[in-house]
Amino acid sequence: MDNKIINGKEISNQLQTELRQRWENWAQNHPAALLRPPHLVAVLVGNNPASEAYVGNKAKACAFVGFKSTLLHFETDISQADLLSEIEKLNQRADIDGFIVQLPLPAHIDEQQIISAIHPDKDIDGFHPLNLGKIILGKAQFIPATPLGILELLRVAQIETKGKKVVVVGRSNIVGTPISLLLSRNTAVGNSTVTLCHSHTANLKEETLQADILIAAIGRPLFIKADMVKPGAVVIDVGINSVSDVSQKRGFRLVGDVDFEAVFPIASKITPVPGGVGAMTVTALLLNTWAAFMANQGIKI
Ligand code: NAP
């Protein structure tokens with residue numbers, strides 16, 4: 001049964017261990033006086049508990065692989081101008097390889113303007129318009145963490161994508177649209193024929209039933225039912241939805257966009273929630289931090 005599950009947590013641990021090894025090898029082969037670890041900065045505005053938990057996880061993962069992480073925490077009422085000026089300072093600092101601005105930002109801040117102010121070479125979230133645009137050209141510098149996490153899951157789990165029919169449900173800028181572009185390119189984890197579905201897709205079930213690989217990034221709990229999945233399909237569930245559950249101490253549990261129990265018997269491989277795509281996101285960010293660090297050393301990976 002277990003070999004049907006694509007275990008994101010396990011793959012993530014494996015990739016982090018490999019990354020730590022890469023950094024340790026690098027450190028061993030370079031003079032101590034010239035050495036500094038890869039450095040990620042997280043910018044947090046306000047006191048959103050989920051955002052605080054996310055940046056906490058990023059710091060923990062950095063510590064595990066031997067990278068340096070710094071948290072810059074600003075009050076909720078920081079002005080747009082002051083936040084932009086803090087970003088400019090980070091852009092200028094040579095000791096920082098990359099930084100992220102944890103989203104969402106308070107309502108008075110224009111998120112798109114903030115993202116666009118991040119220097120593309122330090123944009124390890126890959127949300128800058130230039131970095132998103134480079135995906136279309138097949139010259140991605142930083143792939144956003146969730147699509148990169150999906151590519152890494154497919155690669156490590158040895159899921160063949162070449163010549164496969166992929167159906168992506170959900171066309172967000174951070175997940176659905178980039179993963180559909182990436183999988184359609186002529187790359188090792190690519191060369192798929194991709195259909196991108198959304199809320200105006202005329203007959204969604206007809207589309208999803210065609211999928212050899214079905215990727216759900218919808219934000220609706222248990223939306224993909226068994227009768228929407230082709231027997232033998234690989235199912236990648238990006239959704240993270242909290243549903244109330246009185247049997248849980250915290251009063252809720254997390255479920256995906258796929259009705260896991262019902263789809264499991266039909267799928268050839270499936271990612272669980274939690275412990276699937278979500279477990280890969282922080283690792284993908286570390287991979288981008290490493291790429292930024294290498295670029296600062298004059299090495300393109
Ligand atoms: P989003 O911005 O919330 O957009 C949802 C997409 O789903 C939209 O494109 C929407 O279509 C489409 N959609 C909604 N209802 C639909 C329906 N009935 N039929 C077909 N398509 C429908 O998406 P997101 O930010 O990518 O998030 C999606 C899910 O992934 C959420 O549960 C989120 O929490 C999760 N997520 C997980 C990770 C991770 O690390 N695992 C990272 C990011 C997001 P329209 O464009 O037509 O509105």
# chains A, B, ... in the order shown; residues from 1 in each chain; ligands from 1
call {"tool": "residues_near_ligand", "arguments": {"ligand": "ligand 1", "cutoff": "9 Å", "atoms": "only C-alpha atoms and all ligand atoms", "output": "PyMOL selection string"}}
result
chain A and resi 145-147+149-150+169-177+197-201+204+216-221+223+237-242+255-257+273-274+276-282
call {"tool": "write_last_selection", "arguments": {"atoms": "C-alpha atoms", "output": "PDB file, in the first residue's frame"}}
result
ATOM      1  CA  ALA A 145       8.768  26.925  -4.207  1.00  0.00           C
ATOM      2  CA  THR A 146       5.560  24.925  -4.719  1.00  0.00           C
ATOM      3  CA  PRO A 147       6.016  24.190  -8.457  1.00  0.00           C
ATOM      4  CA  GLY A 149       8.639  21.120  -4.987  1.00  0.00           C
ATOM      5  CA  ILE A 150       6.274  19.309  -7.378  1.00  0.00           C
ATOM      6  CA  VAL A 169      -6.758  22.158 -12.002  1.00  0.00           C
ATOM      7  CA  GLY A 170      -6.226  25.726 -10.745  1.00  0.00           C
ATOM      8  CA  ARG A 171      -4.385  28.535 -12.534  1.00  0.00           C
ATOM      9  CA  SER A 172      -2.885  30.618  -9.717  1.00  0.00           C
ATOM     10  CA  ASN A 173       0.267  32.599 -10.445  1.00  0.00           C
ATOM     11  CA  ILE A 174       2.185  30.739  -7.759  1.00  0.00           C
ATOM     12  CA  VAL A 175       1.163  27.130  -8.472  1.00  0.00           C
ATOM     13  CA  GLY A 176      -1.142  26.160 -11.348  1.00  0.00           C
ATOM     14  CA  THR A 177       0.129  28.423 -14.116  1.00  0.00           C
ATOM     15  CA  CYS A 197      -8.312  23.950 -15.986  1.00  0.00           C
ATOM     16  CA  HIS A 198     -10.089  26.585 -13.878  1.00  0.00           C
ATOM     17  CA  SER A 199     -13.524  27.529 -12.648  1.00  0.00           C
ATOM     18  CA  HIS A 200     -14.756  28.261 -16.180  1.00  0.00           C
ATOM     19  CA  THR A 201     -13.675  24.917 -17.633  1.00  0.00           C
ATOM     20  CA  LEU A 204     -14.017  19.481 -15.761  1.00  0.00           C
ATOM     21  CA  ALA A 216      -5.031  19.647  -8.076  1.00  0.00           C
ATOM     22  CA  ALA A 217      -4.346  23.220  -6.890  1.00  0.00           C
ATOM     23  CA  ILE A 218      -7.864  24.460  -6.272  1.00  0.00           C
ATOM     24  CA  GLY A 219      -8.283  25.290  -2.590  1.00  0.00           C
ATOM     25  CA  ARG A 220     -11.492  23.251  -2.193  1.00  0.00           C
ATOM     26  CA  PRO A 221     -11.473  20.404   0.322  1.00  0.00           C
ATOM     27  CA  PHE A 223     -12.998  18.371  -4.514  1.00  0.00           C
ATOM     28  CA  ASP A 237      -2.584  17.100  -4.408  1.00  0.00           C
ATOM     29  CA  VAL A 238      -1.404  20.666  -3.770  1.00  0.00           C
ATOM     30  CA  GLY A 239      -4.410  21.726  -1.708  1.00  0.00           C
ATOM     31  CA  ILE A 240      -4.086  22.503   1.967  1.00  0.00           C
ATOM     32  CA  ASN A 241      -7.527  23.073   3.462  1.00  0.00           C
ATOM     33  CA  SER A 242      -8.470  23.223   7.069  1.00  0.00           C
ATOM     34  CA  VAL A 255      -7.166  17.882   3.954  1.00  0.00           C
ATOM     35  CA  GLY A 256      -6.212  18.249   0.325  1.00  0.00           C
ATOM     36  CA  ASP A 257      -8.193  19.102  -2.788  1.00  0.00           C
ATOM     37  CA  VAL A 273      -2.022  15.838   2.732  1.00  0.00           C
ATOM     38  CA  PRO A 274      -0.233  16.610   4.930  1.00  0.00           C
ATOM     39  CA  GLY A 276       3.039  15.496   0.270  1.00  0.00           C
ATOM     40  CA  VAL A 277       3.620  18.668  -1.746  1.00  0.00           C
ATOM     41  CA  GLY A 278       3.421  20.866   1.361  1.00  0.00           C
ATOM     42  CA  ALA A 279       6.397  19.073   2.889  1.00  0.00           C
ATOM     43  CA  MET A 280       8.490  20.011  -0.171  1.00  0.00           C
ATOM     44  CA  THR A 281       7.941  23.765  -0.156  1.00  0.00           C
ATOM     45  CA  VAL A 282      10.566  24.757   2.411  1.00  0.00           C
TER      46      VAL A 282
END
call {"tool": "residues_around", "arguments": {"residues": "Leu130 (chain A)", "least_positions_apart": "5", "cutoff": "12 Å", "atoms": "only C-alpha atoms", "output": "PyMOL selection string"}}
result
chain A and resi 115-123+135-137+139-143
call {"tool": "write_last_selection", "arguments": {"atoms": "C-alpha atoms", "output": "short mmCIF file (atom, residue, chain, number, x, y, z; two decimals), in the first residue's frame"}}
result
data_model
loop_
_atom_site.label_atom_id
_atom_site.label_comp_id
_atom_site.auth_asym_id
_atom_site.auth_seq_id
_atom_site.Cartn_x
_atom_site.Cartn_y
_atom_site.Cartn_z
CA ILE A 115 7.42 41.78 -4.90
CA SER A 116 8.52 43.83 -7.89
CA ALA A 117 10.96 45.76 -5.67
CA ILE A 118 12.91 42.60 -4.76
CA HIS A 119 16.04 42.29 -6.89
CA PRO A 120 15.36 39.35 -9.27
CA ASP A 121 18.75 37.80 -8.35
CA LYS A 122 17.66 37.65 -4.69
CA ASP A 123 14.05 36.67 -5.35
CA ILE A 135 9.75 30.37 -16.90
CA ILE A 136 7.92 31.01 -20.20
CA LEU A 137 11.29 31.41 -21.94
CA LYS A 139 15.30 30.18 -18.60
CA ALA A 140 14.00 30.08 -15.05
CA GLN A 141 16.41 31.47 -12.49
CA PHE A 142 14.19 30.76 -9.49
CA ILE A 143 11.10 28.58 -9.78
#
call {"tool": "atom_distance", "arguments": {"atom1": "CA of Asn3 (chain A)", "atom2": "CA of Ser180 (chain A)"}}
result
25.9 Å
call {"tool": "residues_around", "arguments": {"residues": "Glu207 (chain A)", "least_positions_apart": "3", "cutoff": "10 Å", "atoms": "only C-alpha atoms", "output": "MDAnalysis selection string"}}
result
chainID A and resid 166:169 195:197 201:204 210:211 214 228:229
call {"tool": "residues_around", "arguments": {"residues": "Ala226 (chain A)", "least_positions_apart": "2", "cutoff": "8 Å", "atoms": "only C-alpha atoms", "output": "number ranges by chain"}}
result
A: 224, 228-229, 259, 262-263, 266
call {"tool": "residues_around", "arguments": {"residues": "Gly56 (chain A)", "least_positions_apart": "3", "cutoff": "12 Å", "atoms": "only C-alpha atoms", "output": "VMD selection string"}}
result
chain A and resid 41 to 44 49 to 53 59 to 63 69 to 73 102 282
call {"tool": "write_last_selection", "arguments": {"atoms": "N, CA and C atoms", "output": "PDB file, in the first residue's frame"}}
result
ATOM      1  N   VAL A  41      17.109  35.559   4.183  1.00  0.00           N
ATOM      2  CA  VAL A  41      16.408  36.473   5.092  1.00  0.00           C
ATOM      3  C   VAL A  41      14.905  36.354   4.833  1.00  0.00           C
ATOM      4  N   ALA A  42      14.135  36.266   5.909  1.00  0.00           N
ATOM      5  CA  ALA A  42      12.669  36.272   5.793  1.00  0.00           C
ATOM      6  C   ALA A  42      12.153  37.577   6.371  1.00  0.00           C
ATOM      7  N   VAL A  43      11.347  38.256   5.572  1.00  0.00           N
ATOM      8  CA  VAL A  43      10.733  39.510   6.027  1.00  0.00           C
ATOM      9  C   VAL A  43       9.295  39.197   6.428  1.00  0.00           C
ATOM     10  N   LEU A  44       8.978  39.526   7.662  1.00  0.00           N
ATOM     11  CA  LEU A  44       7.635  39.245   8.183  1.00  0.00           C
ATOM     12  C   LEU A  44       7.026  40.564   8.635  1.00  0.00           C
ATOM     13  N   PRO A  49      -0.347  34.324  12.810  1.00  0.00           N
ATOM     14  CA  PRO A  49       0.253  33.110  13.383  1.00  0.00           C
ATOM     15  C   PRO A  49       0.711  32.109  12.320  1.00  0.00           C
ATOM     16  N   ALA A  50      -0.067  31.974  11.223  1.00  0.00           N
ATOM     17  CA  ALA A  50       0.334  31.015  10.178  1.00  0.00           C
ATOM     18  C   ALA A  50       1.649  31.473   9.546  1.00  0.00           C
ATOM     19  N   SER A  51       1.771  32.783   9.273  1.00  0.00           N
ATOM     20  CA  SER A  51       3.003  33.305   8.675  1.00  0.00           C
ATOM     21  C   SER A  51       4.178  33.112   9.627  1.00  0.00           C
ATOM     22  N   GLU A  52       3.927  33.336  10.926  1.00  0.00           N
ATOM     23  CA  GLU A  52       5.006  33.151  11.910  1.00  0.00           C
ATOM     24  C   GLU A  52       5.461  31.693  11.914  1.00  0.00           C
ATOM     25  N   ALA A  53       4.484  30.770  11.803  1.00  0.00           N
ATOM     26  CA  ALA A  53       4.832  29.340  11.780  1.00  0.00           C
ATOM     27  C   ALA A  53       5.648  29.019  10.522  1.00  0.00           C
ATOM     28  N   ALA A  59      13.369  28.831   9.099  1.00  0.00           N
ATOM     29  CA  ALA A  59      14.577  29.012   9.923  1.00  0.00           C
ATOM     30  C   ALA A  59      15.107  27.652  10.385  1.00  0.00           C
ATOM     31  N   LYS A  60      14.187  26.768  10.794  1.00  0.00           N
ATOM     32  CA  LYS A  60      14.578  25.436  11.275  1.00  0.00           C
ATOM     33  C   LYS A  60      15.271  24.650  10.158  1.00  0.00           C
ATOM     34  N   ALA A  61      14.683  24.715   8.966  1.00  0.00           N
ATOM     35  CA  ALA A  61      15.256  23.977   7.831  1.00  0.00           C
ATOM     36  C   ALA A  61      16.631  24.534   7.474  1.00  0.00           C
ATOM     37  N   CYS A  62      16.786  25.856   7.532  1.00  0.00           N
ATOM     38  CA  CYS A  62      18.097  26.471   7.259  1.00  0.00           C
ATOM     39  C   CYS A  62      19.126  25.946   8.253  1.00  0.00           C
ATOM     40  N   ALA A  63      18.730  25.899   9.530  1.00  0.00           N
ATOM     41  CA  ALA A  63      19.667  25.436  10.563  1.00  0.00           C
ATOM     42  C   ALA A  63      20.084  23.993  10.262  1.00  0.00           C
ATOM     43  N   SER A  69      20.031  31.928   8.616  1.00  0.00           N
ATOM     44  CA  SER A  69      18.751  32.584   8.321  1.00  0.00           C
ATOM     45  C   SER A  69      18.563  33.742   9.287  1.00  0.00           C
ATOM     46  N   THR A  70      17.945  34.788   8.797  1.00  0.00           N
ATOM     47  CA  THR A  70      17.673  35.965   9.621  1.00  0.00           C
ATOM     48  C   THR A  70      16.209  36.324   9.432  1.00  0.00           C
ATOM     49  N   LEU A  71      15.555  36.629  10.524  1.00  0.00           N
ATOM     50  CA  LEU A  71      14.156  37.085  10.448  1.00  0.00           C
ATOM     51  C   LEU A  71      14.124  38.592  10.678  1.00  0.00           C
ATOM     52  N   LEU A  72      13.528  39.317   9.740  1.00  0.00           N
ATOM     53  CA  LEU A  72      13.300  40.756   9.923  1.00  0.00           C
ATOM     54  C   LEU A  72      11.814  40.945  10.148  1.00  0.00           C
ATOM     55  N   HIS A  73      11.463  41.345  11.349  1.00  0.00           N
ATOM     56  CA  HIS A  73      10.054  41.407  11.723  1.00  0.00           C
ATOM     57  C   HIS A  73       9.632  42.867  11.870  1.00  0.00           C
ATOM     58  N   GLN A 102       7.234  37.339   3.417  1.00  0.00           N
ATOM     59  CA  GLN A 102       6.164  36.391   3.705  1.00  0.00           C
ATOM     60  C   GLN A 102       4.802  37.014   3.386  1.00  0.00           C
ATOM     61  N   VAL A 282       9.408  24.137   1.748  1.00  0.00           N
ATOM     62  CA  VAL A 282      10.566  24.757   2.411  1.00  0.00           C
ATOM     63  C   VAL A 282      11.862  24.255   1.777  1.00  0.00           C
TER      64      VAL A 282
END
call {"tool": "residues_around", "arguments": {"residues": "Gly232 (chain A)", "least_positions_apart": "4", "cutoff": "8 Å", "atoms": "only C-alpha atoms", "output": "PDB file with C-alpha atoms, in the first residue's frame"}}
result
ATOM      1  CA  ASP A 212      -2.056  10.440 -16.704  1.00  0.00           C
ATOM      2  CA  ILE A 266      -7.750   4.101  -8.327  1.00  0.00           C
ATOM      3  CA  ALA A 267      -4.477   6.033  -8.507  1.00  0.00           C
ATOM      4  CA  SER A 268      -1.140   4.383  -9.255  1.00  0.00           C
ATOM      5  CA  LYS A 269       0.626   6.988  -7.082  1.00  0.00           C
TER       6      LYS A 269
END
call {"tool": "atom_distance", "arguments": {"atom1": "CA of Lys225 (chain A)", "atom2": "CA of Pro265 (chain A)"}}
result
11.7 Å
call {"tool": "closest_residue", "arguments": {"among": "A:Asn48, A:Asn13, A:Gln297, A:Asn57", "to": "His30 (chain A)", "atoms": "only C-alpha atoms"}}
result
A:Gln297
call {"tool": "atom_distance", "arguments": {"atom1": "CA of Lys58 (chain A)", "atom2": "CA of His39 (chain A)"}}
result
11.8 Å
call {"tool": "residues_around", "arguments": {"residues": "Ile78 (chain A)", "least_positions_apart": "2", "cutoff": "12 Å", "atoms": "only C-alpha atoms", "output": "short mmCIF file (atom, residue, chain, number, x, y, z; two decimals) with C-alpha atoms, in the first residue's frame"}}
result
data_model
loop_
_atom_site.label_atom_id
_atom_site.label_comp_id
_atom_site.auth_asym_id
_atom_site.auth_seq_id
_atom_site.Cartn_x
_atom_site.Cartn_y
_atom_site.Cartn_z
CA LEU A 44 7.63 39.25 8.18
CA VAL A 45 5.09 42.03 8.62
CA GLY A 46 2.61 41.85 11.47
CA HIS A 73 10.05 41.41 11.72
CA PHE A 74 8.16 44.67 11.18
CA GLU A 75 5.04 46.05 12.83
CA THR A 76 1.70 45.66 11.01
CA GLN A 80 4.62 50.97 2.03
CA ALA A 81 7.49 53.46 1.63
CA ASP A 82 9.35 52.17 4.70
CA LEU A 83 8.93 48.55 3.62
CA LEU A 84 10.22 49.42 0.15
CA SER A 85 13.24 51.10 1.68
CA GLU A 86 13.94 48.01 3.86
CA LEU A 105 0.87 41.42 3.67
CA PRO A 106 -1.49 43.81 5.51
CA ALA A 107 -4.22 45.32 3.34
CA HIS A 108 -2.61 48.79 3.13
CA ILE A 109 0.49 47.34 1.42
#
